[in-house]
Amino acid sequence: MRSTSFLLPVLILAVLLCAWAPAAVAQTGTLRGTVTLEATGSPLHHATVRIVQLGLTVETNEAGEYIFSNVPPGTYEVSVHMAALTDARQTVTITAGGTTTADFSLRLSPVRELVVVTASGREQTGFETFQAISTLDTIELAARAQPSLGQMLDGLPGVARRSFGPGSSRPVLRGFDGDRVLILRDGIRTGSLSSQSADHGESFDLLNLDRIEVVKGPATLLYGSNAIGGVVNTISRHHEIHAHPHPGMTGSITGLGGSNHSYGGGLSFEYGHHNWMFWGSSSGQYNGDYNTPLGKVPNSRIRTANGTFGAGYYGDRGYFAVSQTIEDARYGIPFAAEFESEEEEEGAGHAPDEFLAAMGSGFIGGVPEELVDVKVRRYNTRFSAGYRLPDRPIESLRVVLDYVDYRHLEIETADGIETVGTTFDNEQIVYRVAFDQRRTGRFSGQFGIWGLVRAYRTTGAEALAPPVDQTAFAAFLLEEMTLSDRLRLQFGGRFEHNRYSPEGAVPERSFNGFSGAAGVHLGLWSGGAFVANYTHSFRAPALEELYNFGPHIGSLTFEIGSPDLTSETADGVDLSLRHRNGHIRAEANFFFYGIRNFIFLAPTGNIEDGLIEAEFLQSRSRFLGGEVKLDVELFRDVWFLGGLDVVDAKLTRAVTSSTTGVVTPANTPLPRIPPLRGRLGVEARYRGFSLRPEIVLAAAQDHLFVTETRTPGYTVVNLEASYTIARPHRLHVFSLTAFNLNDELYRNHLSFIKDLAPEMGRGIRFSYTVRFF
């Protein structure tokens with residue numbers, strides 16, 4: 001790849017910095033302590049203790065004890081983490097030649113402060129980050145127990161769900177979808193095609209994840225131009241963040257079941273012997289056709305199966321690891337066969353919205369004559385390595401090399417005979433090299449390089465784009481400056497190059513762009529902070545926006561790409577007011593993004609193959625909105641939980657079709673924008689028992705794109721209950737979720753088939769998880 005010529009100077013510079021820097025000669029100190037379970041006073045084994053500023057991590061032994069030796073003198077934040085328990089933090093001071101003791105007691109709590117890494121590449125709490133973050137830990141994931149990523153995250157502040165049925169659901173962040181939201185697995189893009197079409201999904205092992213972190217708003221500096229709307233990072237293992245060994249066996253087993261003939265299970269393990277670690281996981285889920293108040297939605301079933309195995313060596317200074325992941329899934333695309341039949345009819349002269357109205361709910365509960373399924377297979381091989389130099393200006397180096405072989409088959413079934421309609425193949429190699437700077441005075445940060453090589457091929461009825469090879473390269477820098485205990489600044493930049501090389505007479509395109517950001521984190525009072533960010537983001541057009549041509553059921557349009565598209569550039573402001581103490585946790589976020597050369601599908605006014613003909617055009621757009629979250633402890637272990645999110649997005653400049661002259665006027669609302677939503681609930685915990693009733697309210701969506709129909713508002717009542725048994729070496733969690741208890745007939749405005757398929761009716765879901773450590 002041509003752009004990798006930047007790699008050599010960066011690596012040479014890093015080596016010289018490390019080589020020339022003198023070793024530290026100051027006398028060191030020791031930090032030690034114990035970690036216990038508050039309810040019983042029992043020691044906690046395998047709790048992770050970390051000195052945040054130094055990146056040093058150890059685990060507690062059988063007696064709950066930990067020790068750090070040879071710690072440079074200074075003041076540090078120390079964090080302790082264990083699944084399902086509160087994360088604890090203390091500020092400690094290490095003196096030369098002295099020993100500092102810091103003991104921790106963890107407890108079960110309805111509200112927990114979790115540590116995240118996706119926003120800055122370093123561990124921070126959600127309160128300390130410069131961006132708005134939501135997260136789900138391993139216990140919450142098991143309780144939610146959904147087979148698709150969009151279903152799992154739906155309802156988090158600022159997060160909605162786009163779908164063409166449950167199997168293809170994908171998260172939408174602050175109204176951003178598709179190529180503007182980047183899905184990651186352990187910090188690296190997954191190589192799937194879920195961003196290209198509403199009937200394409202992700203096939204994660206959701207039952208064995210350590211946690212999911214959602215960064216709302218531009219995250220282009222660390223992750224690339226596709227993160228202009230935000231990032232969803234699925235973290236598979238604790239050791240993807242904490243590169244350290246531990247002796248013995250840890251792991252988990254999960255089983256689940258519920259309404260709509262849903263069932264599944266998963267298991268995972270980690271085994272440590274001296275400095276070697278071996279790990280593996282496997283899971284599977286099945287959901288049948290789901291029920292609505294009107295009846296079953298045909299061909300909405302989902303089946304997933306996943307497996308991972310890996311091994312690595314973790315020394316005092318360095319580590320390396322290799323892993324292999326296999327993901328296999330098959331899910332139905334409701335009503336896709338009916339749309340294809342409509343497309344194939346001679347002389348079809350009416351638009352899909354008329355077709356939807358004609359069908360009404362007549363297909364609910366019926367048995368279609370033809371079915372369209374998607375079968376996904378993904379192989380992922382990853383090599384990662386790192387080296388720590390605590391006494392050098394560059395204190396650590398981390399390298400990841402990731403290969404993905406992704407295949408996606410669209411299978412048509414008629415009269416019991418299966419045929420493959422379209423085959424999608426996507427091969428991808430991604431490398432990332434990151435250098436962490438040692439905190440020197442007021443400064444700390446990270447810089448590095450990133451690159452991608454991709455080969456995209458399709459054959460069959462929906463081969464809308466020619467074979468395309470893509471290469472990309474980027475260099476990035478993110479710095480943080482601590483001016484005082486209350487005031488921190490963050491700033492950085494990223495240069496990125498993207499090149500598309502299609503086969504045939506289609507022109508090659510190349511895009512270069514710069515993204516930059518600056519932020520301030522200001523402490524206002526004890527436990528209170530104001531955060532402000534300015535971002536300038538660049539996004540190269542996606543492959544499908546440049547080269548697609550033909551009928552596309554996944555978007556319900558006849559798509560016309562444009563090889564002449566230019567890059568999007570966005571300028572945004574994010575403001576956040578936060579408060580955290582033992583009794584109140586509150587956060588209010590406001591965002592404004594103005595995007596130049598915004599790419600969208602604009603109807604031409606024609607009907608082609610029974611579908612609305614639409615071409616990718618560019619104009620200006622504006623996204624405006626916010627989120628509010630308020631958690632208040634009414635009594636000990638009884639919390640009020642409230643939340644609200646809203647987004648308004650529209651074109652701010654008229655644009656004219658290049659083929660028909662049809663004008664899309666200024667102030668036209670953008671398609672599939674979530675309505676105003678609110679959540680009200682209470683969570684109460686008594687010993688290990690937890691009960692959480694909630695009401696979800698959504699307003700009607702009346703701000704409509706020219707191809708959309710109105711979606712009424714709704715009210716849904718849910719109930720979650722769990723019982724947790726915490727022991728020094730075991731954690732048992734029994735969970736029960738009752739959803740849509742009022743059996744509300746409601747529709748998701750972001751569903752491409754909302755006028756045909758309402759959302760799920762009343763049902764239950766239960767799970768059991770045991771974690772051993």
# chains A, B, ... in the order shown; residues from 1 in each chain; ligands from 1
$ residues_around --residues "Leu577 of chain A" --least-positions-apart "5" --cutoff "8 Å" --atoms "only C-alpha atoms" --output "mmCIF file with all heavy atoms, in the first residue's frame"
data_model
loop_
_atom_site.group_PDB
_atom_site.id
_atom_site.type_symbol
_atom_site.label_atom_id
_atom_site.label_comp_id
_atom_site.auth_asym_id
_atom_site.auth_seq_id
_atom_site.Cartn_x
_atom_site.Cartn_y
_atom_site.Cartn_z
ATOM 1 N N GLY A 528 -19.005 17.844 40.467
ATOM 2 C CA GLY A 528 -19.651 18.465 39.315
ATOM 3 C C GLY A 528 -18.643 18.923 38.282
ATOM 4 O O GLY A 528 -17.537 19.357 38.626
ATOM 5 N N ALA A 529 -18.995 18.850 37.005
ATOM 6 C CA ALA A 529 -18.073 19.247 35.940
ATOM 7 C C ALA A 529 -18.853 19.723 34.725
ATOM 8 O O ALA A 529 -19.974 19.285 34.458
ATOM 9 C CB ALA A 529 -17.173 18.084 35.549
ATOM 10 N N PHE A 530 -18.205 20.632 33.978
ATOM 11 C CA PHE A 530 -18.701 21.101 32.689
ATOM 12 C C PHE A 530 -17.689 20.688 31.633
ATOM 13 O O PHE A 530 -16.481 20.879 31.798
ATOM 14 C CB PHE A 530 -18.875 22.619 32.691
ATOM 15 C CG PHE A 530 -19.191 23.193 31.333
ATOM 16 C CD1 PHE A 530 -20.458 23.036 30.781
ATOM 17 C CD2 PHE A 530 -18.230 23.889 30.609
ATOM 18 C CE1 PHE A 530 -20.755 23.556 29.535
ATOM 19 C CE2 PHE A 530 -18.513 24.416 29.362
ATOM 20 C CZ PHE A 530 -19.787 24.254 28.816
ATOM 21 N N VAL A 531 -18.200 20.105 30.541
ATOM 22 C CA VAL A 531 -17.328 19.628 29.465
ATOM 23 C C VAL A 531 -17.789 20.243 28.158
ATOM 24 O O VAL A 531 -18.992 20.245 27.855
ATOM 25 C CB VAL A 531 -17.359 18.085 29.355
ATOM 26 C CG1 VAL A 531 -16.357 17.607 28.313
ATOM 27 C CG2 VAL A 531 -17.077 17.440 30.700
ATOM 28 N N GLU A 587 -26.547 13.837 34.289
ATOM 29 C CA GLU A 587 -25.779 14.267 33.115
ATOM 30 C C GLU A 587 -26.745 14.839 32.090
ATOM 31 O O GLU A 587 -27.773 14.242 31.777
ATOM 32 C CB GLU A 587 -25.004 13.104 32.514
ATOM 33 C CG GLU A 587 -24.133 13.482 31.326
ATOM 34 C CD GLU A 587 -23.204 12.357 30.898
ATOM 35 O OE1 GLU A 587 -22.938 11.447 31.725
ATOM 36 O OE2 GLU A 587 -22.745 12.383 29.737
ATOM 37 N N ALA A 588 -26.412 16.026 31.570
ATOM 38 C CA ALA A 588 -27.189 16.662 30.505
ATOM 39 C C ALA A 588 -26.238 16.980 29.361
ATOM 40 O O ALA A 588 -25.234 17.680 29.557
ATOM 41 C CB ALA A 588 -27.864 17.932 31.013
ATOM 42 N N ASN A 589 -26.541 16.460 28.175
ATOM 43 C CA ASN A 589 -25.692 16.656 27.007
ATOM 44 C C ASN A 589 -26.452 17.404 25.919
ATOM 45 O O ASN A 589 -27.633 17.153 25.687
ATOM 46 C CB ASN A 589 -25.232 15.303 26.433
ATOM 47 C CG ASN A 589 -24.476 14.477 27.448
ATOM 48 O OD1 ASN A 589 -23.602 14.966 28.139
ATOM 49 N ND2 ASN A 589 -24.822 13.200 27.533
#
$ residues_around --residues "Asp289 of chain A" --least-positions-apart "3" --cutoff "12 Å" --atoms "only C-alpha atoms" --output "PyMOL selection string"
chain A and resi 165-167+259-262+286+292+295-303+331-334+364-367+757+759-761
$ closest_atom_pairs --of "segment 169-265 of chain A" --to "segment 734-747 of chain A" --cutoff "10 Å" --atoms "only C-alpha atoms" --output "Markdown table"
| residue | atom | partner | partner_atom | distance |
| --- | --- | --- | --- | --- |
| A:Thr254 | CA | A:Phe734 | CA | 9.9 |
| A:Gly255 | CA | A:Phe734 | CA | 9.9 |
| A:Leu256 | CA | A:Ser735 | CA | 9.2 |
| A:Gly257 | CA | A:Leu736 | CA | 9.9 |
| A:Gly258 | CA | A:Thr737 | CA | 9.1 |
| A:Ser259 | CA | A:Ala738 | CA | 9.7 |
$ write_last_selection --atoms "N, CA, C and O atoms" --output "mmCIF file, in the first residue's frame"
data_model
loop_
_atom_site.group_PDB
_atom_site.id
_atom_site.type_symbol
_atom_site.label_atom_id
_atom_site.label_comp_id
_atom_site.auth_asym_id
_atom_site.auth_seq_id
_atom_site.Cartn_x
_atom_site.Cartn_y
_atom_site.Cartn_z
ATOM 1 N N THR A 254 -23.517 -19.334 30.801
ATOM 2 C CA THR A 254 -24.791 -18.629 30.717
ATOM 3 C C THR A 254 -25.816 -19.488 29.984
ATOM 4 O O THR A 254 -25.493 -20.131 28.977
ATOM 5 N N GLY A 255 -27.032 -19.511 30.497
ATOM 6 C CA GLY A 255 -28.157 -20.142 29.823
ATOM 7 C C GLY A 255 -29.329 -19.190 29.804
ATOM 8 O O GLY A 255 -29.495 -18.382 30.727
ATOM 9 N N LEU A 256 -30.146 -19.240 28.759
ATOM 10 C CA LEU A 256 -31.253 -18.294 28.656
ATOM 11 C C LEU A 256 -32.397 -18.910 27.862
ATOM 12 O O LEU A 256 -32.228 -19.886 27.124
ATOM 13 N N GLY A 257 -33.578 -18.329 28.021
ATOM 14 C CA GLY A 257 -34.762 -18.757 27.298
ATOM 15 C C GLY A 257 -35.851 -17.718 27.446
ATOM 16 O O GLY A 257 -35.712 -16.763 28.220
ATOM 17 N N GLY A 258 -36.949 -17.901 26.702
ATOM 18 C CA GLY A 258 -38.026 -16.937 26.821
ATOM 19 C C GLY A 258 -39.068 -17.082 25.741
ATOM 20 O O GLY A 258 -39.157 -18.113 25.060
ATOM 21 N N SER A 259 -39.843 -16.028 25.578
ATOM 22 C CA SER A 259 -40.934 -16.010 24.602
ATOM 23 C C SER A 259 -40.389 -16.098 23.182
ATOM 24 O O SER A 259 -39.193 -15.938 22.941
#
$ select_by_dssp --residues "segment 495-655 of chain A" --states "strand (DSSP E or B)" --output "NGL selection string"
:A and (495-502 or 509-525 or 528-539 or 549-552 or 557-560 or 568-580 or 584-608 or 611-635 or 638-651 or 655)
$ write_last_selection --atoms "C-alpha atoms" --output "CSV table (one decimal), in the first residue's frame"
chain,number,residue,atom,x,y,z
A,495,PHE,CA,-4.8,12.8,8.7
A,496,GLU,CA,-6.5,10.0,6.7
A,497,HIS,CA,-6.2,8.8,3.1
A,498,ASN,CA,-8.7,6.6,1.3
A,499,ARG,CA,-8.4,5.1,-2.2
A,500,TYR,CA,-11.0,3.1,-4.1
A,501,SER,CA,-9.9,1.1,-7.1
A,502,PRO,CA,-12.9,-0.5,-8.9
A,509,ARG,CA,-11.2,7.8,-6.5
A,510,SER,CA,-8.9,9.1,-3.8
A,511,PHE,CA,-9.7,11.2,-0.8
A,512,ASN,CA,-7.5,12.9,1.8
A,513,GLY,CA,-8.8,14.7,4.8
A,514,PHE,CA,-8.0,16.1,8.3
A,515,SER,CA,-10.0,15.7,11.5
A,516,GLY,CA,-9.3,17.8,14.6
A,517,ALA,CA,-10.8,18.4,18.0
A,518,ALA,CA,-10.3,20.4,21.1
A,519,GLY,CA,-12.1,20.1,24.5
A,520,VAL,CA,-12.1,21.4,28.0
A,521,HIS,CA,-13.1,19.5,31.2
A,522,LEU,CA,-13.7,22.0,34.0
A,523,GLY,CA,-14.6,21.0,37.6
A,524,LEU,CA,-17.3,23.3,38.9
A,525,TRP,CA,-17.9,21.9,42.4
A,528,GLY,CA,-19.7,18.5,39.3
A,529,ALA,CA,-18.1,19.2,35.9
A,530,PHE,CA,-18.7,21.1,32.7
A,531,VAL,CA,-17.3,19.6,29.5
A,532,ALA,CA,-17.2,21.3,26.1
A,533,ASN,CA,-15.8,19.9,22.8
A,534,TYR,CA,-15.3,21.3,19.3
A,535,THR,CA,-14.8,18.8,16.5
A,536,HIS,CA,-13.9,19.1,12.8
A,537,SER,CA,-14.5,15.7,11.1
A,538,PHE,CA,-13.8,14.3,7.7
A,539,ARG,CA,-15.6,11.4,6.0
A,549,PHE,CA,-26.4,1.0,-9.4
A,550,GLY,CA,-29.6,-1.1,-9.4
A,551,PRO,CA,-32.6,-2.3,-7.3
A,552,HIS,CA,-31.7,-2.6,-3.6
A,557,THR,CA,-35.0,2.0,-3.6
A,558,PHE,CA,-33.4,1.7,-7.0
A,559,GLU,CA,-30.0,3.2,-6.1
A,560,ILE,CA,-27.9,5.4,-8.4
A,568,GLU,CA,-18.1,15.2,3.9
A,569,THR,CA,-16.8,17.7,6.5
A,570,ALA,CA,-18.6,18.3,9.8
A,571,ASP,CA,-18.1,21.0,12.5
A,572,GLY,CA,-19.7,20.2,15.8
A,573,VAL,CA,-20.1,21.4,19.4
A,574,ASP,CA,-20.8,19.1,22.3
A,575,LEU,CA,-21.6,20.5,25.7
A,576,SER,CA,-22.1,18.4,28.9
A,577,LEU,CA,-23.0,19.2,32.5
A,578,ARG,CA,-22.3,16.3,34.9
A,579,HIS,CA,-22.7,15.6,38.6
A,580,ARG,CA,-21.7,12.5,40.6
A,584,ILE,CA,-27.2,11.7,42.7
A,585,ARG,CA,-25.8,10.9,39.3
A,586,ALA,CA,-26.9,13.4,36.6
A,587,GLU,CA,-25.8,14.3,33.1
A,588,ALA,CA,-27.2,16.7,30.5
A,589,ASN,CA,-25.7,16.7,27.0
A,590,PHE,CA,-26.3,19.0,24.1
A,591,PHE,CA,-24.9,18.6,20.6
A,592,PHE,CA,-24.9,20.6,17.3
A,593,TYR,CA,-23.3,19.3,14.1
A,594,GLY,CA,-23.3,21.1,10.8
A,595,ILE,CA,-22.2,18.9,7.8
A,596,ARG,CA,-21.2,20.2,4.4
A,597,ASN,CA,-21.5,17.9,1.4
A,598,PHE,CA,-23.8,15.6,3.4
A,599,ILE,CA,-24.5,12.5,1.3
A,600,PHE,CA,-28.0,11.1,1.2
A,601,LEU,CA,-30.4,9.2,-1.1
A,602,ALA,CA,-32.7,11.7,-2.9
A,603,PRO,CA,-35.7,10.5,-4.9
A,604,THR,CA,-35.7,11.4,-8.6
A,605,GLY,CA,-39.4,11.1,-9.0
A,606,ASN,CA,-39.2,8.0,-11.1
A,607,ILE,CA,-40.2,4.4,-10.3
A,608,GLU,CA,-37.8,1.8,-11.5
A,611,LEU,CA,-38.9,0.7,-6.5
A,612,ILE,CA,-38.4,4.4,-5.9
A,613,GLU,CA,-35.5,5.6,-8.0
A,614,ALA,CA,-33.0,7.5,-5.8
A,615,GLU,CA,-29.6,8.9,-6.4
A,616,PHE,CA,-26.8,9.8,-3.9
A,617,LEU,CA,-26.6,13.6,-3.8
A,618,GLN,CA,-24.9,16.1,-1.6
A,619,SER,CA,-26.2,19.1,0.3
A,620,ARG,CA,-25.8,20.7,3.8
A,621,SER,CA,-27.4,19.2,6.9
A,622,ARG,CA,-27.8,20.0,10.6
A,623,PHE,CA,-28.1,17.7,13.6
A,624,LEU,CA,-29.3,19.2,16.9
A,625,GLY,CA,-30.3,17.4,20.1
A,626,GLY,CA,-29.5,16.2,23.5
A,627,GLU,CA,-29.7,13.6,26.3
A,628,VAL,CA,-30.6,14.0,29.9
A,629,LYS,CA,-30.0,11.3,32.5
A,630,LEU,CA,-30.9,11.5,36.2
A,631,ASP,CA,-30.4,8.8,38.9
A,632,VAL,CA,-31.3,9.8,42.4
A,633,GLU,CA,-31.0,7.6,45.5
A,634,LEU,CA,-34.3,7.9,47.3
A,635,PHE,CA,-33.3,5.6,50.1
A,638,VAL,CA,-33.5,2.5,46.1
A,639,TRP,CA,-32.9,4.7,43.1
A,640,PHE,CA,-35.1,6.7,40.8
A,641,LEU,CA,-33.9,6.4,37.2
A,642,GLY,CA,-34.9,8.9,34.5
A,643,GLY,CA,-33.8,9.7,31.0
A,644,LEU,CA,-34.7,11.7,27.9
A,645,ASP,CA,-33.2,12.0,24.4
A,646,VAL,CA,-34.1,14.0,21.4
A,647,VAL,CA,-32.6,14.7,18.0
A,648,ASP,CA,-33.7,16.9,15.1
A,649,ALA,CA,-32.0,16.6,11.7
A,650,LYS,CA,-32.7,18.2,8.4
A,651,LEU,CA,-31.2,19.5,5.2
A,655,VAL,CA,-30.5,20.1,-3.9
$ select_by_dssp --residues "segment 481-675 of chain A" --states "helix (DSSP H, G or I)" --output "ChimeraX atom specification"
/A:543-547,553-555
$ closest_atom_pairs --of "segment 113-194 of chain A" --to "segment 381-390 of chain A" --cutoff "12 Å" --atoms "only C-alpha atoms" --output "JSON lines"
{"residue": "A:Arg185", "atom": "CA", "partner": "A:Arg382", "partner_atom": "CA", "distance": 10.9}
{"residue": "A:Asp186", "atom": "CA", "partner": "A:Arg382", "partner_atom": "CA", "distance": 10.4}
{"residue": "A:Gly187", "atom": "CA", "partner": "A:Ser384", "partner_atom": "CA", "distance": 11.7}
{"residue": "A:Ile188", "atom": "CA", "partner": "A:Arg382", "partner_atom": "CA", "distance": 9.9}
{"residue": "A:Arg189", "atom": "CA", "partner": "A:Arg382", "partner_atom": "CA", "distance": 12.0}
{"residue": "A:Thr190", "atom": "CA", "partner": "A:Thr381", "partner_atom": "CA", "distance": 11.2}
{"residue": "A:Gly191", "atom": "CA", "partner": "A:Thr381", "partner_atom": "CA", "distance": 11.7}
$ residues_around --residues "segment 265-277 of chain A" --least-positions-apart "4" --cutoff "8 Å" --atoms "only C-alpha atoms" --output "PDB file with N, CA, C and O atoms, in the first residue's frame"
ATOM      1  N   LEU A 207     -23.097 -12.986  24.214  1.00  0.00           N
ATOM      2  CA  LEU A 207     -23.232 -13.569  25.547  1.00  0.00           C
ATOM      3  C   LEU A 207     -21.911 -13.618  26.304  1.00  0.00           C
ATOM      4  O   LEU A 207     -21.916 -13.758  27.522  1.00  0.00           O
ATOM      5  N   ASN A 208     -20.775 -13.539  25.614  1.00  0.00           N
ATOM      6  CA  ASN A 208     -19.484 -13.685  26.284  1.00  0.00           C
ATOM      7  C   ASN A 208     -18.630 -12.427  26.237  1.00  0.00           C
ATOM      8  O   ASN A 208     -17.427 -12.480  26.514  1.00  0.00           O
ATOM      9  N   PRO A 245      -0.805 -11.451  33.173  1.00  0.00           N
ATOM     10  CA  PRO A 245      -1.183 -12.857  33.394  1.00  0.00           C
ATOM     11  C   PRO A 245      -1.889 -13.048  34.729  1.00  0.00           C
ATOM     12  O   PRO A 245      -1.846 -12.176  35.598  1.00  0.00           O
ATOM     13  N   HIS A 246      -2.567 -14.162  34.886  1.00  0.00           N
ATOM     14  CA  HIS A 246      -3.073 -14.558  36.197  1.00  0.00           C
ATOM     15  C   HIS A 246      -3.053 -16.084  36.253  1.00  0.00           C
ATOM     16  O   HIS A 246      -3.319 -16.758  35.244  1.00  0.00           O
ATOM     17  N   PRO A 247      -2.759 -16.650  37.394  1.00  0.00           N
ATOM     18  CA  PRO A 247      -2.726 -18.111  37.495  1.00  0.00           C
ATOM     19  C   PRO A 247      -4.130 -18.684  37.655  1.00  0.00           C
ATOM     20  O   PRO A 247      -5.052 -18.023  38.135  1.00  0.00           O
ATOM     21  N   GLY A 248      -4.312 -19.932  37.219  1.00  0.00           N
ATOM     22  CA  GLY A 248      -5.562 -20.627  37.455  1.00  0.00           C
ATOM     23  C   GLY A 248      -6.618 -20.344  36.407  1.00  0.00           C
ATOM     24  O   GLY A 248      -6.376 -19.749  35.362  1.00  0.00           O
ATOM     25  N   MET A 249      -7.829 -20.770  36.725  1.00  0.00           N
ATOM     26  CA  MET A 249      -8.945 -20.757  35.781  1.00  0.00           C
ATOM     27  C   MET A 249     -10.000 -19.743  36.193  1.00  0.00           C
ATOM     28  O   MET A 249     -10.366 -19.653  37.362  1.00  0.00           O
ATOM     29  N   THR A 250     -10.471 -18.962  35.226  1.00  0.00           N
ATOM     30  CA  THR A 250     -11.646 -18.112  35.404  1.00  0.00           C
ATOM     31  C   THR A 250     -12.570 -18.360  34.220  1.00  0.00           C
ATOM     32  O   THR A 250     -12.143 -18.858  33.169  1.00  0.00           O
ATOM     33  N   GLY A 251     -13.845 -17.990  34.370  1.00  0.00           N
ATOM     34  CA  GLY A 251     -14.753 -18.177  33.255  1.00  0.00           C
ATOM     35  C   GLY A 251     -16.186 -17.925  33.622  1.00  0.00           C
ATOM     36  O   GLY A 251     -16.497 -17.403  34.703  1.00  0.00           O
ATOM     37  N   SER A 252     -17.082 -18.309  32.731  1.00  0.00           N
ATOM     38  CA  SER A 252     -18.511 -18.088  32.959  1.00  0.00           C
ATOM     39  C   SER A 252     -19.313 -19.087  32.142  1.00  0.00           C
ATOM     40  O   SER A 252     -18.847 -19.605  31.121  1.00  0.00           O
ATOM     41  N   ILE A 253     -20.535 -19.345  32.604  1.00  0.00           N
ATOM     42  CA  ILE A 253     -21.506 -20.171  31.889  1.00  0.00           C
ATOM     43  C   ILE A 253     -22.848 -19.441  31.942  1.00  0.00           C
ATOM     44  O   ILE A 253     -23.260 -18.962  33.006  1.00  0.00           O
ATOM     45  N   THR A 254     -23.517 -19.334  30.801  1.00  0.00           N
ATOM     46  CA  THR A 254     -24.791 -18.629  30.717  1.00  0.00           C
ATOM     47  C   THR A 254     -25.816 -19.488  29.984  1.00  0.00           C
ATOM     48  O   THR A 254     -25.493 -20.131  28.977  1.00  0.00           O
ATOM     49  N   GLY A 255     -27.032 -19.511  30.497  1.00  0.00           N
ATOM     50  CA  GLY A 255     -28.157 -20.142  29.823  1.00  0.00           C
ATOM     51  C   GLY A 255     -29.329 -19.190  29.804  1.00  0.00           C
ATOM     52  O   GLY A 255     -29.495 -18.382  30.727  1.00  0.00           O
ATOM     53  N   LEU A 256     -30.146 -19.240  28.759  1.00  0.00           N
ATOM     54  CA  LEU A 256     -31.253 -18.294  28.656  1.00  0.00           C
ATOM     55  C   LEU A 256     -32.397 -18.910  27.862  1.00  0.00           C
ATOM     56  O   LEU A 256     -32.228 -19.886  27.124  1.00  0.00           O
ATOM     57  N   SER A 281     -14.102 -19.270  24.045  1.00  0.00           N
ATOM     58  CA  SER A 281     -15.513 -18.999  24.323  1.00  0.00           C
ATOM     59  C   SER A 281     -16.356 -19.544  23.186  1.00  0.00           C
ATOM     60  O   SER A 281     -15.882 -19.710  22.052  1.00  0.00           O
ATOM     61  N   SER A 282     -17.617 -19.832  23.501  1.00  0.00           N
ATOM     62  CA  SER A 282     -18.554 -20.307  22.491  1.00  0.00           C
ATOM     63  C   SER A 282     -19.959 -19.962  22.947  1.00  0.00           C
ATOM     64  O   SER A 282     -20.245 -19.948  24.153  1.00  0.00           O
ATOM     65  N   SER A 283     -20.817 -19.664  21.995  1.00  0.00           N
ATOM     66  CA  SER A 283     -22.206 -19.369  22.344  1.00  0.00           C
ATOM     67  C   SER A 283     -23.101 -19.625  21.145  1.00  0.00           C
ATOM     68  O   SER A 283     -22.636 -19.695  19.998  1.00  0.00           O
ATOM     69  N   GLY A 284     -24.383 -19.753  21.422  1.00  0.00           N
ATOM     70  CA  GLY A 284     -25.377 -19.892  20.373  1.00  0.00           C
ATOM     71  C   GLY A 284     -26.712 -19.381  20.867  1.00  0.00           C
ATOM     72  O   GLY A 284     -27.036 -19.490  22.056  1.00  0.00           O
ATOM     73  N   GLN A 285     -27.491 -18.783  19.970  1.00  0.00           N
ATOM     74  CA  GLN A 285     -28.830 -18.319  20.306  1.00  0.00           C
ATOM     75  C   GLN A 285     -29.783 -18.640  19.159  1.00  0.00           C
ATOM     76  O   GLN A 285     -29.387 -18.661  17.981  1.00  0.00           O
ATOM     77  N   ALA A 311      -4.347 -17.712  22.554  1.00  0.00           N
ATOM     78  CA  ALA A 311      -3.267 -17.945  23.504  1.00  0.00           C
ATOM     79  C   ALA A 311      -2.322 -16.766  23.455  1.00  0.00           C
ATOM     80  O   ALA A 311      -2.197 -16.076  22.425  1.00  0.00           O
ATOM     81  N   GLY A 312      -1.650 -16.513  24.581  1.00  0.00           N
ATOM     82  CA  GLY A 312      -0.719 -15.403  24.615  1.00  0.00           C
ATOM     83  C   GLY A 312       0.272 -15.518  25.749  1.00  0.00           C
ATOM     84  O   GLY A 312       0.062 -16.259  26.719  1.00  0.00           O
ATOM     85  N   TYR A 313       1.367 -14.794  25.608  1.00  0.00           N
ATOM     86  CA  TYR A 313       2.415 -14.713  26.635  1.00  0.00           C
ATOM     87  C   TYR A 313       2.427 -13.299  27.177  1.00  0.00           C
ATOM     88  O   TYR A 313       2.491 -12.319  26.419  1.00  0.00           O
ATOM     89  N   TYR A 314       2.343 -13.172  28.512  1.00  0.00           N
ATOM     90  CA  TYR A 314       2.284 -11.872  29.170  1.00  0.00           C
ATOM     91  C   TYR A 314       3.424 -11.774  30.173  1.00  0.00           C
ATOM     92  O   TYR A 314       3.375 -12.374  31.254  1.00  0.00           O
ATOM     93  N   GLY A 315       4.475 -11.046  29.808  1.00  0.00           N
ATOM     94  CA  GLY A 315       5.616 -10.874  30.682  1.00  0.00           C
ATOM     95  C   GLY A 315       5.526  -9.593  31.483  1.00  0.00           C
ATOM     96  O   GLY A 315       4.534  -8.858  31.429  1.00  0.00           O
TER      97      GLY A 315
END
$ atom_distance --atom1 "atom CA of Gly610 of chain A" --atom2 "atom CA of Gly150 of chain A"
29.2 Å
$ closest_residue --among "A:Ala336, A:Val71, A:Ile764, A:Val706" --to "Ser555 of chain A" --atoms "only C-alpha atoms"
A:Ala336
$ closest_residue --among "A:Pro393, A:Gly155, A:Gly29, A:Gly416" --to "Gly445 of chain A" --atoms "only C-alpha atoms"
A:Pro393
